[in-house]
>>> print(open('final_5.cif').read())   # mmCIF, C-alpha atoms and all ligand atoms
data_final
loop_
_atom_site.group_PDB
_atom_site.id
_atom_site.type_symbol
_atom_site.label_atom_id
_atom_site.label_comp_id
_atom_site.auth_asym_id
_atom_site.auth_seq_id
_atom_site.Cartn_x
_atom_site.Cartn_y
_atom_site.Cartn_z
ATOM 1 C CA MET U 1 -111.358 56.555 118.601
ATOM 2 C CA SER U 2 -110.891 57.616 115.008
ATOM 3 C CA THR U 3 -107.470 58.347 113.568
ATOM 4 C CA ASP U 4 -108.427 62.005 113.213
ATOM 5 C CA ASN U 5 -109.252 62.258 116.906
ATOM 6 C CA ALA U 6 -106.016 60.539 117.852
ATOM 7 C CA VAL U 7 -104.021 63.020 115.785
ATOM 8 C CA SER U 8 -105.783 66.058 117.147
ATOM 9 C CA THR U 9 -105.418 64.789 120.741
ATOM 10 C CA ASP U 10 -101.672 64.382 120.240
ATOM 11 C CA HIS U 11 -101.340 67.987 119.109
ATOM 12 C CA ALA U 12 -103.699 69.554 121.605
ATOM 13 C CA VAL U 13 -102.744 68.021 124.947
ATOM 14 C CA SER U 14 -99.526 66.057 124.512
ATOM 15 C CA THR U 15 -97.272 66.237 127.569
ATOM 16 C CA ASP U 16 -94.690 63.904 126.038
ATOM 17 C CA HIS U 17 -91.282 65.457 126.723
ATOM 18 C CA ALA U 18 -89.391 62.422 125.480
ATOM 19 C CA ALA U 19 -89.408 63.516 121.836
ATOM 20 C CA PRO U 20 -86.471 62.163 119.822
ATOM 21 C CA THR U 21 -83.489 64.497 119.490
ATOM 22 C CA GLY U 22 -84.188 67.057 116.787
ATOM 23 C CA LEU U 23 -87.938 66.961 117.322
ATOM 24 C CA ALA U 24 -87.949 68.523 120.800
ATOM 25 C CA GLY U 25 -90.455 71.329 120.963
ATOM 26 C CA THR U 26 -92.545 70.215 118.010
ATOM 27 C CA THR U 27 -95.644 69.974 120.225
ATOM 28 C CA ASP U 28 -95.107 73.392 121.864
ATOM 29 C CA PRO U 29 -97.870 75.924 121.304
ATOM 30 C CA ILE U 30 -97.071 77.995 118.228
ATOM 31 C CA THR U 31 -96.444 81.609 119.167
ATOM 32 C CA ALA U 32 -96.998 84.458 116.723
ATOM 33 C CA ASP U 33 -93.218 85.029 116.603
ATOM 34 C CA ARG U 34 -92.537 81.396 115.816
ATOM 35 C CA TYR U 35 -95.189 81.380 113.105
ATOM 36 C CA ARG U 36 -93.794 84.585 111.574
ATOM 37 C CA SER U 37 -90.196 83.393 111.612
ATOM 38 C CA ALA U 38 -91.208 80.217 109.746
ATOM 39 C CA MET U 39 -93.225 82.217 107.190
ATOM 40 C CA ARG U 40 -90.219 84.494 106.523
ATOM 41 C CA ARG U 41 -88.487 81.432 105.086
ATOM 42 C CA TYR U 42 -91.217 80.837 102.520
ATOM 43 C CA PRO U 43 -90.427 82.642 99.236
ATOM 44 C CA ALA U 44 -93.182 84.497 97.432
ATOM 45 C CA GLY U 45 -93.792 86.533 94.331
ATOM 46 C CA VAL U 46 -94.573 90.178 95.010
ATOM 47 C CA THR U 47 -97.887 91.679 93.901
ATOM 48 C CA ILE U 48 -99.626 95.015 94.334
ATOM 49 C CA VAL U 49 -103.413 95.019 94.643
ATOM 50 C CA THR U 50 -105.180 98.198 93.466
ATOM 51 C CA LEU U 51 -108.806 99.263 93.364
ATOM 52 C CA ALA U 52 -110.984 102.332 92.989
ATOM 53 C CA GLY U 53 -111.953 103.613 96.427
ATOM 54 C CA ALA U 54 -114.975 105.859 96.913
ATOM 55 C CA ASP U 55 -112.918 109.052 96.666
ATOM 56 C CA ARG U 56 -109.349 107.970 95.901
ATOM 57 C CA PRO U 57 -107.334 105.079 94.492
ATOM 58 C CA VAL U 58 -106.385 102.382 97.010
ATOM 59 C CA GLY U 59 -103.598 99.815 96.893
ATOM 60 C CA PHE U 60 -101.102 97.787 98.891
ATOM 61 C CA THR U 61 -98.224 95.352 98.432
ATOM 62 C CA ALA U 62 -99.192 91.708 98.963
ATOM 63 C CA THR U 63 -97.235 88.471 98.887
ATOM 64 C CA SER U 64 -100.180 86.301 99.929
ATOM 65 C CA PHE U 65 -101.355 85.947 96.312
ATOM 66 C CA ALA U 66 -102.199 82.439 95.097
ATOM 67 C CA SER U 67 -103.684 80.874 92.021
ATOM 68 C CA LEU U 68 -106.852 79.125 93.200
ATOM 69 C CA SER U 69 -108.905 77.640 90.344
ATOM 70 C CA ALA U 70 -108.716 77.394 86.534
ATOM 71 C CA GLN U 71 -112.445 76.732 85.912
ATOM 72 C CA PRO U 72 -113.700 79.206 86.955
ATOM 73 C CA PRO U 73 -110.480 81.273 86.897
ATOM 74 C CA LEU U 74 -110.024 82.305 90.539
ATOM 75 C CA ILE U 75 -107.193 83.877 92.497
ATOM 76 C CA SER U 76 -106.827 84.675 96.179
ATOM 77 C CA PHE U 77 -104.855 86.856 98.559
ATOM 78 C CA ASN U 78 -105.209 87.889 102.200
ATOM 79 C CA ILE U 79 -105.655 91.340 103.654
ATOM 80 C CA ALA U 80 -105.015 92.181 107.311
ATOM 81 C CA GLU U 81 -108.047 93.329 109.314
ATOM 82 C CA THR U 82 -105.884 96.280 110.419
ATOM 83 C CA SER U 83 -105.097 97.395 106.850
ATOM 84 C CA SER U 84 -106.135 100.934 105.920
ATOM 85 C CA SER U 85 -107.312 99.427 102.594
ATOM 86 C CA ILE U 86 -109.812 96.945 104.027
ATOM 87 C CA ASP U 87 -112.948 99.125 104.043
ATOM 88 C CA ALA U 88 -112.418 100.118 100.409
ATOM 89 C CA LEU U 89 -111.716 96.512 99.514
ATOM 90 C CA ARG U 90 -114.917 95.307 101.181
ATOM 91 C CA ALA U 91 -116.863 97.896 99.172
ATOM 92 C CA ALA U 92 -115.159 97.200 95.825
ATOM 93 C CA ASP U 93 -116.706 95.239 92.945
ATOM 94 C CA SER U 94 -113.378 94.701 91.213
ATOM 95 C CA LEU U 95 -109.628 95.053 91.651
ATOM 96 C CA VAL U 96 -106.339 94.648 89.797
ATOM 97 C CA VAL U 97 -103.488 92.372 90.906
ATOM 98 C CA HIS U 98 -100.069 93.360 89.512
ATOM 99 C CA PHE U 99 -97.318 90.713 89.300
ATOM 100 C CA LEU U 100 -94.247 92.897 89.822
ATOM 101 C CA GLY U 101 -91.066 92.550 87.808
ATOM 102 C CA GLU U 102 -87.636 92.781 89.400
ATOM 103 C CA HIS U 103 -87.412 96.390 88.124
ATOM 104 C CA GLN U 104 -90.367 97.385 90.367
ATOM 105 C CA GLN U 105 -88.929 97.032 93.883
ATOM 106 C CA HIS U 106 -89.502 100.770 94.386
ATOM 107 C CA LEU U 107 -93.240 100.190 93.820
ATOM 108 C CA ALA U 108 -93.331 97.281 96.285
ATOM 109 C CA GLN U 109 -91.755 99.560 98.901
ATOM 110 C CA ARG U 110 -94.004 102.504 98.056
ATOM 111 C CA PHE U 111 -97.182 100.412 98.370
ATOM 112 C CA ALA U 112 -96.138 98.994 101.746
ATOM 113 C CA ALA U 113 -95.346 102.448 103.203
ATOM 114 C CA ASP U 114 -97.390 105.614 103.899
ATOM 115 C CA ALA U 115 -100.842 105.007 102.395
ATOM 116 C CA ASP U 116 -101.316 108.704 101.556
ATOM 117 C CA GLN U 117 -98.228 108.707 99.319
ATOM 118 C CA ARG U 118 -98.831 105.499 97.367
ATOM 119 C CA PHE U 119 -100.532 107.199 94.390
ATOM 120 C CA ALA U 120 -98.939 110.635 94.881
ATOM 121 C CA ASP U 121 -96.679 110.315 91.815
ATOM 122 C CA ARG U 122 -99.167 110.625 88.951
ATOM 123 C CA SER U 123 -96.564 109.423 86.413
ATOM 124 C CA LEU U 124 -96.571 105.913 87.913
ATOM 125 C CA TRP U 125 -100.147 104.904 87.138
ATOM 126 C CA SER U 126 -103.222 105.480 85.014
ATOM 127 C CA THR U 127 -106.878 104.529 85.293
ATOM 128 C CA LEU U 128 -108.513 101.698 83.357
ATOM 129 C CA GLU U 129 -111.788 102.413 81.584
ATOM 130 C CA THR U 130 -113.341 100.210 84.286
ATOM 131 C CA GLY U 131 -112.019 102.579 86.982
ATOM 132 C CA GLU U 132 -109.195 100.656 88.661
ATOM 133 C CA PRO U 133 -105.694 102.163 88.888
ATOM 134 C CA VAL U 134 -103.039 100.277 86.919
ATOM 135 C CA LEU U 135 -99.302 100.650 87.539
ATOM 136 C CA HIS U 136 -97.132 101.403 84.506
ATOM 137 C CA GLY U 137 -94.466 98.942 83.414
ATOM 138 C CA THR U 138 -96.018 95.908 85.120
ATOM 139 C CA PRO U 139 -95.255 92.738 83.114
ATOM 140 C CA ILE U 140 -98.547 90.999 83.959
ATOM 141 C CA TRP U 141 -101.672 92.201 85.669
ATOM 142 C CA LEU U 142 -105.082 90.620 86.237
ATOM 143 C CA ARG U 143 -108.397 92.382 86.606
ATOM 144 C CA THR U 144 -110.759 90.430 88.827
ATOM 145 C CA ARG U 145 -114.354 90.760 89.954
ATOM 146 C CA MET U 146 -114.947 90.256 93.649
ATOM 147 C CA TYR U 147 -116.076 86.636 94.156
ATOM 148 C CA ARG U 148 -115.870 85.955 97.914
ATOM 149 C CA LEU U 149 -114.614 87.704 101.054
ATOM 150 C CA LEU U 150 -113.970 85.299 103.918
ATOM 151 C CA PRO U 151 -112.884 86.717 107.302
ATOM 152 C CA ILE U 152 -110.407 84.198 108.727
ATOM 153 C CA GLY U 153 -108.306 84.789 111.856
ATOM 154 C CA ASP U 154 -106.748 88.260 111.744
ATOM 155 C CA HIS U 155 -107.039 88.478 107.933
ATOM 156 C CA THR U 156 -109.754 88.355 105.279
ATOM 157 C CA LEU U 157 -109.280 85.905 102.425
ATOM 158 C CA VAL U 158 -110.182 87.656 99.181
ATOM 159 C CA ILE U 159 -111.184 85.519 96.196
ATOM 160 C CA GLY U 160 -111.332 87.172 92.790
ATOM 161 C CA LEU U 161 -112.770 85.969 89.472
ATOM 162 C CA VAL U 162 -110.312 86.861 86.707
ATOM 163 C CA THR U 163 -112.034 88.834 83.925
ATOM 164 C CA ARG U 164 -108.997 90.267 82.133
ATOM 165 C CA VAL U 165 -105.321 89.324 81.772
ATOM 166 C CA HIS U 166 -102.810 91.912 80.608
ATOM 167 C CA ASP U 167 -99.582 90.295 79.448
ATOM 168 C CA ASP U 168 -96.793 92.485 78.108
ATOM 169 C CA VAL U 169 -96.115 90.177 75.153
ATOM 170 C CA ASP U 170 -94.203 92.845 73.197
ATOM 171 C CA GLY U 171 -91.546 93.421 75.821
ATOM 172 C CA PRO U 172 -88.811 91.003 76.909
ATOM 173 C CA VAL U 173 -89.937 88.485 79.538
ATOM 174 C CA ALA U 174 -89.305 90.349 82.791
ATOM 175 C CA ALA U 175 -87.886 88.476 85.766
ATOM 176 C CA PRO U 176 -90.331 88.499 88.689
ATOM 177 C CA LEU U 177 -89.708 90.313 91.945
ATOM 178 C CA LEU U 178 -89.491 87.869 94.866
ATOM 179 C CA TYR U 179 -89.618 88.315 98.641
ATOM 180 C CA HIS U 180 -87.798 86.029 101.056
ATOM 181 C CA ASP U 181 -86.443 86.384 104.587
ATOM 182 C CA GLY U 182 -87.407 90.049 104.788
ATOM 183 C CA ALA U 183 -85.678 91.103 101.546
ATOM 184 C CA TYR U 184 -86.428 91.494 97.843
ATOM 185 C CA HIS U 185 -84.762 89.126 95.379
ATOM 186 C CA LYS U 186 -84.753 88.204 91.719
ATOM 187 C CA PRO U 187 -84.633 84.579 90.591
ATOM 188 C CA ILE U 188 -81.583 82.822 89.211
ATOM 189 C CA ARG U 189 -82.311 80.093 86.674
ATOM 190 C CA LEU U 190 -80.590 76.844 87.652
ATOM 191 C CA HIS U 191 -80.124 75.269 84.224
HETATM 192 C C1 LIG U 201 -93.349 92.146 101.005
HETATM 193 C C2 LIG U 201 -94.648 92.544 101.650
HETATM 194 C C3 LIG U 201 -95.759 91.727 101.520
HETATM 195 C C4 LIG U 201 -96.988 92.078 102.100
HETATM 196 N N1 LIG U 201 -98.063 91.260 101.936
HETATM 197 C C5 LIG U 201 -99.249 91.619 102.486
HETATM 198 C C6 LIG U 201 -100.401 90.807 102.289
HETATM 199 O O1 LIG U 201 -100.363 89.781 101.621
HETATM 200 N N2 LIG U 201 -101.569 91.219 102.866
HETATM 201 C C7 LIG U 201 -101.650 92.378 103.599
HETATM 202 O O2 LIG U 201 -102.733 92.709 104.110
HETATM 203 N N3 LIG U 201 -100.565 93.163 103.791
HETATM 204 C C8 LIG U 201 -99.384 92.819 103.247
HETATM 205 N N4 LIG U 201 -98.303 93.605 103.410
HETATM 206 C C9 LIG U 201 -98.466 94.877 104.159
HETATM 207 C C10 LIG U 201 -99.101 95.962 103.283
HETATM 208 O O3 LIG U 201 -98.407 96.138 102.078
HETATM 209 C C11 LIG U 201 -99.117 97.303 104.019
HETATM 210 O O4 LIG U 201 -97.820 97.718 104.300
HETATM 211 C C12 LIG U 201 -99.869 97.181 105.301
HETATM 212 O O5 LIG U 201 -101.179 96.744 104.999
HETATM 213 C C13 LIG U 201 -99.967 98.515 106.041
HETATM 214 O O6 LIG U 201 -100.703 99.370 105.252
HETATM 215 P P1 LIG U 201 -101.632 100.507 105.867
HETATM 216 O O7 LIG U 201 -100.715 101.476 106.537
HETATM 217 O O8 LIG U 201 -102.289 101.062 104.655
HETATM 218 O O9 LIG U 201 -102.585 99.824 106.791
HETATM 219 C C14 LIG U 201 -97.087 93.274 102.839
HETATM 220 C C15 LIG U 201 -95.954 94.112 102.976
HETATM 221 C C16 LIG U 201 -94.756 93.747 102.381
HETATM 222 C C17 LIG U 201 -93.562 94.659 102.511
#
>>> encode(input="final_5.cif", output="structure tokens")
Amino acid sequence: MSTDNAVSTDHAVSTDHAAPTGLAGTTDPITADRYRSAMRRYPAGVTIVTLAGADRPVGFTATSFASLSAQPPLISFNIAETSSSIDALRAADSLVVHFLGEHQQHLAQRFAADADQRFADRSLWSTLETGEPVLHGTPIWLRTRMYRLLPIGDHTLVIGLVTRVHDDVDGPVAAPLLYHDGAYHKPIRLH
């Protein structure tokens, strides 16, 4: 038996209840609640993804953003299959990912709430010449071309090829908005 098989057998069918103290339960099936409560403890930067829908702008708050590749320059994030944005996202050729600053918590909340209201305040955004909505006052945003859409579990992994980087070099370096344990935070530098 290969090492890989031995490992997977341990996880799949172990009935060993004599785990050392402190490790009890580590071979239990992982429930959705248990998974979610662990993920709450993982800190993330807050982004908003926007794109031009067929008849209206579309966008949502996302903390699943990740840098994926430098050559070619690729990023990724996940969108829930249940999201009201998913059909527009599947149809889109391009999108913008905004890295929010700590001054933009109100936008993070707006883009995670009622989808019909997200773009209702016309003073908060404008439209790029390429058609995507862009949110004012965002320290850094990336325009990406759609590169891959991979349905995985109850989400779709979206991979974007970065074609434009907007960096607010004239302004002071804004602290990023962070999300951890169900709340928004700003970072504190340790040295
Ligand atoms: C902090 C935070 C992070 C989120 N991250 C994601 C994400 O990465 N992917 C996603 O599909 N939805 C994410 N959501 C949920 C969406 O922003 C949105 O609320 C959800 O898709 C419901 O939108 P809908 O009513 O348009 O379907 C996040 C919400 C919050 C508050």
>>> resolve_selection(input="final_5.cif", expression="the PyMOL selection byres (((chain U and resi 105-113) around 8) and not hetatm)", output="mmCIF file with C-alpha atoms, in the frame of the given file")
data_model
loop_
_atom_site.group_PDB
_atom_site.id
_atom_site.type_symbol
_atom_site.label_atom_id
_atom_site.label_comp_id
_atom_site.auth_asym_id
_atom_site.auth_seq_id
_atom_site.Cartn_x
_atom_site.Cartn_y
_atom_site.Cartn_z
ATOM 1 C CA VAL U 46 -94.573 90.178 95.010
ATOM 2 C CA THR U 47 -97.887 91.679 93.901
ATOM 3 C CA ILE U 48 -99.626 95.015 94.334
ATOM 4 C CA GLY U 59 -103.598 99.815 96.893
ATOM 5 C CA PHE U 60 -101.102 97.787 98.891
ATOM 6 C CA THR U 61 -98.224 95.352 98.432
ATOM 7 C CA LEU U 100 -94.247 92.897 89.822
ATOM 8 C CA GLY U 101 -91.066 92.550 87.808
ATOM 9 C CA GLU U 102 -87.636 92.781 89.400
ATOM 10 C CA HIS U 103 -87.412 96.390 88.124
ATOM 11 C CA GLN U 104 -90.367 97.385 90.367
ATOM 12 C CA ASP U 114 -97.390 105.614 103.899
ATOM 13 C CA ALA U 115 -100.842 105.007 102.395
ATOM 14 C CA GLN U 117 -98.228 108.707 99.319
ATOM 15 C CA ARG U 118 -98.831 105.499 97.367
ATOM 16 C CA LEU U 177 -89.708 90.313 91.945
ATOM 17 C CA TYR U 184 -86.428 91.494 97.843
#
>>> axis_aligned_box(input="final_5.cif", around="ligand LIG 201 (chain U)", padding_each_side="8 Å", output="AutoDock Vina command-line options")
--center_x -98.0 --center_y 95.6 --center_z 103.9 --size_x 25.4 --size_y 27.7 --size_z 21.8
>>> resolve_selection(input="final_5.cif", expression="the PyMOL selection byres (((chain U and resi 65) around 8) and not hetatm)", output="list of chain:residue names")
U:Gly45, U:Thr47, U:Ala62, U:Thr63, U:Ser64, U:Ala66, U:Ser67, U:Ile75, U:Ser76, U:Phe77, U:Asn78
>>> resolve_selection(input="final_5.cif", expression="the PyMOL selection byres (((chain U and resi 94) around 8) and not hetatm)", output="PyMOL selection string")
chain U and resi 51+92-93+95-96+132+143-146+160
>>> closest_residue(input="final_5.cif", among="U:Ile86, U:Leu149, U:Ile159, U:Ala54", to="ligand LIG 201 (chain U)", atoms="all atoms listed in the file")
U:Ile86
>>> atom_distance(input="final_5.cif", atom1="atom CA of U:Thr130", atom2="atom CA of U:Ala44")
28.7 Å
>>> closest_residue(input="final_5.cif", among="U:Arg56, U:His180, U:His98, U:His155", to="U:Pro43", atoms="only C-alpha atoms")
U:His180
>>> atom_distance(input="final_5.cif", atom1="atom O8 of ligand LIG 201 (chain U)", atom2="atom CA of U:Ser83")
5.1 Å
>>> closest_residue(input="final_5.cif", among="U:Arg189, U:Leu142, U:Asp170, U:Val158", to="U:Pro73", atoms="only C-alpha atoms")
U:Leu142
>>> atom_distance(input="final_5.cif", atom1="atom CA of U:Glu81", atom2="atom CA of U:Lys186")
29.6 Å
>>> closest_residue(input="final_5.cif", among="U:Leu161, U:Leu124, U:Ile188, U:Ile79", to="ligand LIG 201 (chain U)", atoms="all atoms listed in the file")
U:Ile79
>>> closest_residue(input="final_5.cif", among="U:Leu190, U:Ala80, U:Met39, U:Val49", to="ligand LIG 201 (chain U)", atoms="all atoms listed in the file")
U:Ala80
>>> closest_residue(input="final_5.cif", among="U:Leu135, U:Ala52, U:Leu89, U:Val162", to="ligand LIG 201 (chain U)", atoms="all atoms listed in the file")
U:Leu89
>>> build_atoms(input="final_5.cif", residues="stretch 70-86 of chain U", atoms="N, CA and C atoms", output="tab-separated table (two decimals), in the frame of the given file")
chain	number	residue	atom	x	y	z
U	70	ALA	N	-108.76	77.08	87.97
U	70	ALA	CA	-108.72	77.39	86.53
U	70	ALA	C	-110.12	77.52	85.95
U	71	GLN	N	-111.06	76.70	86.39
U	71	GLN	CA	-112.44	76.73	85.91
U	71	GLN	C	-113.39	76.76	87.10
U	72	PRO	N	-113.92	77.88	87.51
U	72	PRO	CA	-113.70	79.21	86.96
U	72	PRO	C	-112.31	79.73	87.34
U	73	PRO	N	-111.82	80.74	86.61
U	73	PRO	CA	-110.48	81.27	86.90
U	73	PRO	C	-110.50	82.14	88.16
U	74	LEU	N	-109.98	81.61	89.25
U	74	LEU	CA	-110.02	82.30	90.54
U	74	LEU	C	-108.63	82.48	91.11
U	75	ILE	N	-108.43	83.62	91.76
U	75	ILE	CA	-107.19	83.88	92.50
U	75	ILE	C	-107.57	84.25	93.93
U	76	SER	N	-106.55	84.23	94.82
U	76	SER	CA	-106.83	84.68	96.18
U	76	SER	C	-105.63	85.45	96.73
U	77	PHE	N	-105.90	86.24	97.74
U	77	PHE	CA	-104.86	86.86	98.56
U	77	PHE	C	-105.50	87.18	99.90
U	78	ASN	N	-104.69	87.55	100.87
U	78	ASN	CA	-105.21	87.89	102.20
U	78	ASN	C	-104.94	89.35	102.51
U	79	ILE	N	-105.88	89.97	103.19
U	79	ILE	CA	-105.66	91.34	103.65
U	79	ILE	C	-105.86	91.38	105.17
U	80	ALA	N	-104.94	92.07	105.85
U	80	ALA	CA	-105.02	92.18	107.31
U	80	ALA	C	-106.24	93.00	107.72
U	81	GLU	N	-106.89	92.58	108.80
U	81	GLU	CA	-108.05	93.33	109.31
U	81	GLU	C	-107.65	94.76	109.68
U	82	THR	N	-106.36	94.96	110.01
U	82	THR	CA	-105.88	96.28	110.42
U	82	THR	C	-105.50	97.17	109.23
U	83	SER	N	-105.55	96.63	108.02
U	83	SER	CA	-105.10	97.40	106.85
U	83	SER	C	-105.98	98.61	106.61
U	84	SER	N	-105.36	99.73	106.25
U	84	SER	CA	-106.14	100.93	105.92
U	84	SER	C	-106.92	100.74	104.63
U	85	SER	N	-106.63	99.68	103.87
U	85	SER	CA	-107.31	99.43	102.59
U	85	SER	C	-108.56	98.57	102.75
U	86	ILE	N	-108.81	98.02	103.95
U	86	ILE	CA	-109.81	96.94	104.03
U	86	ILE	C	-111.24	97.44	103.79
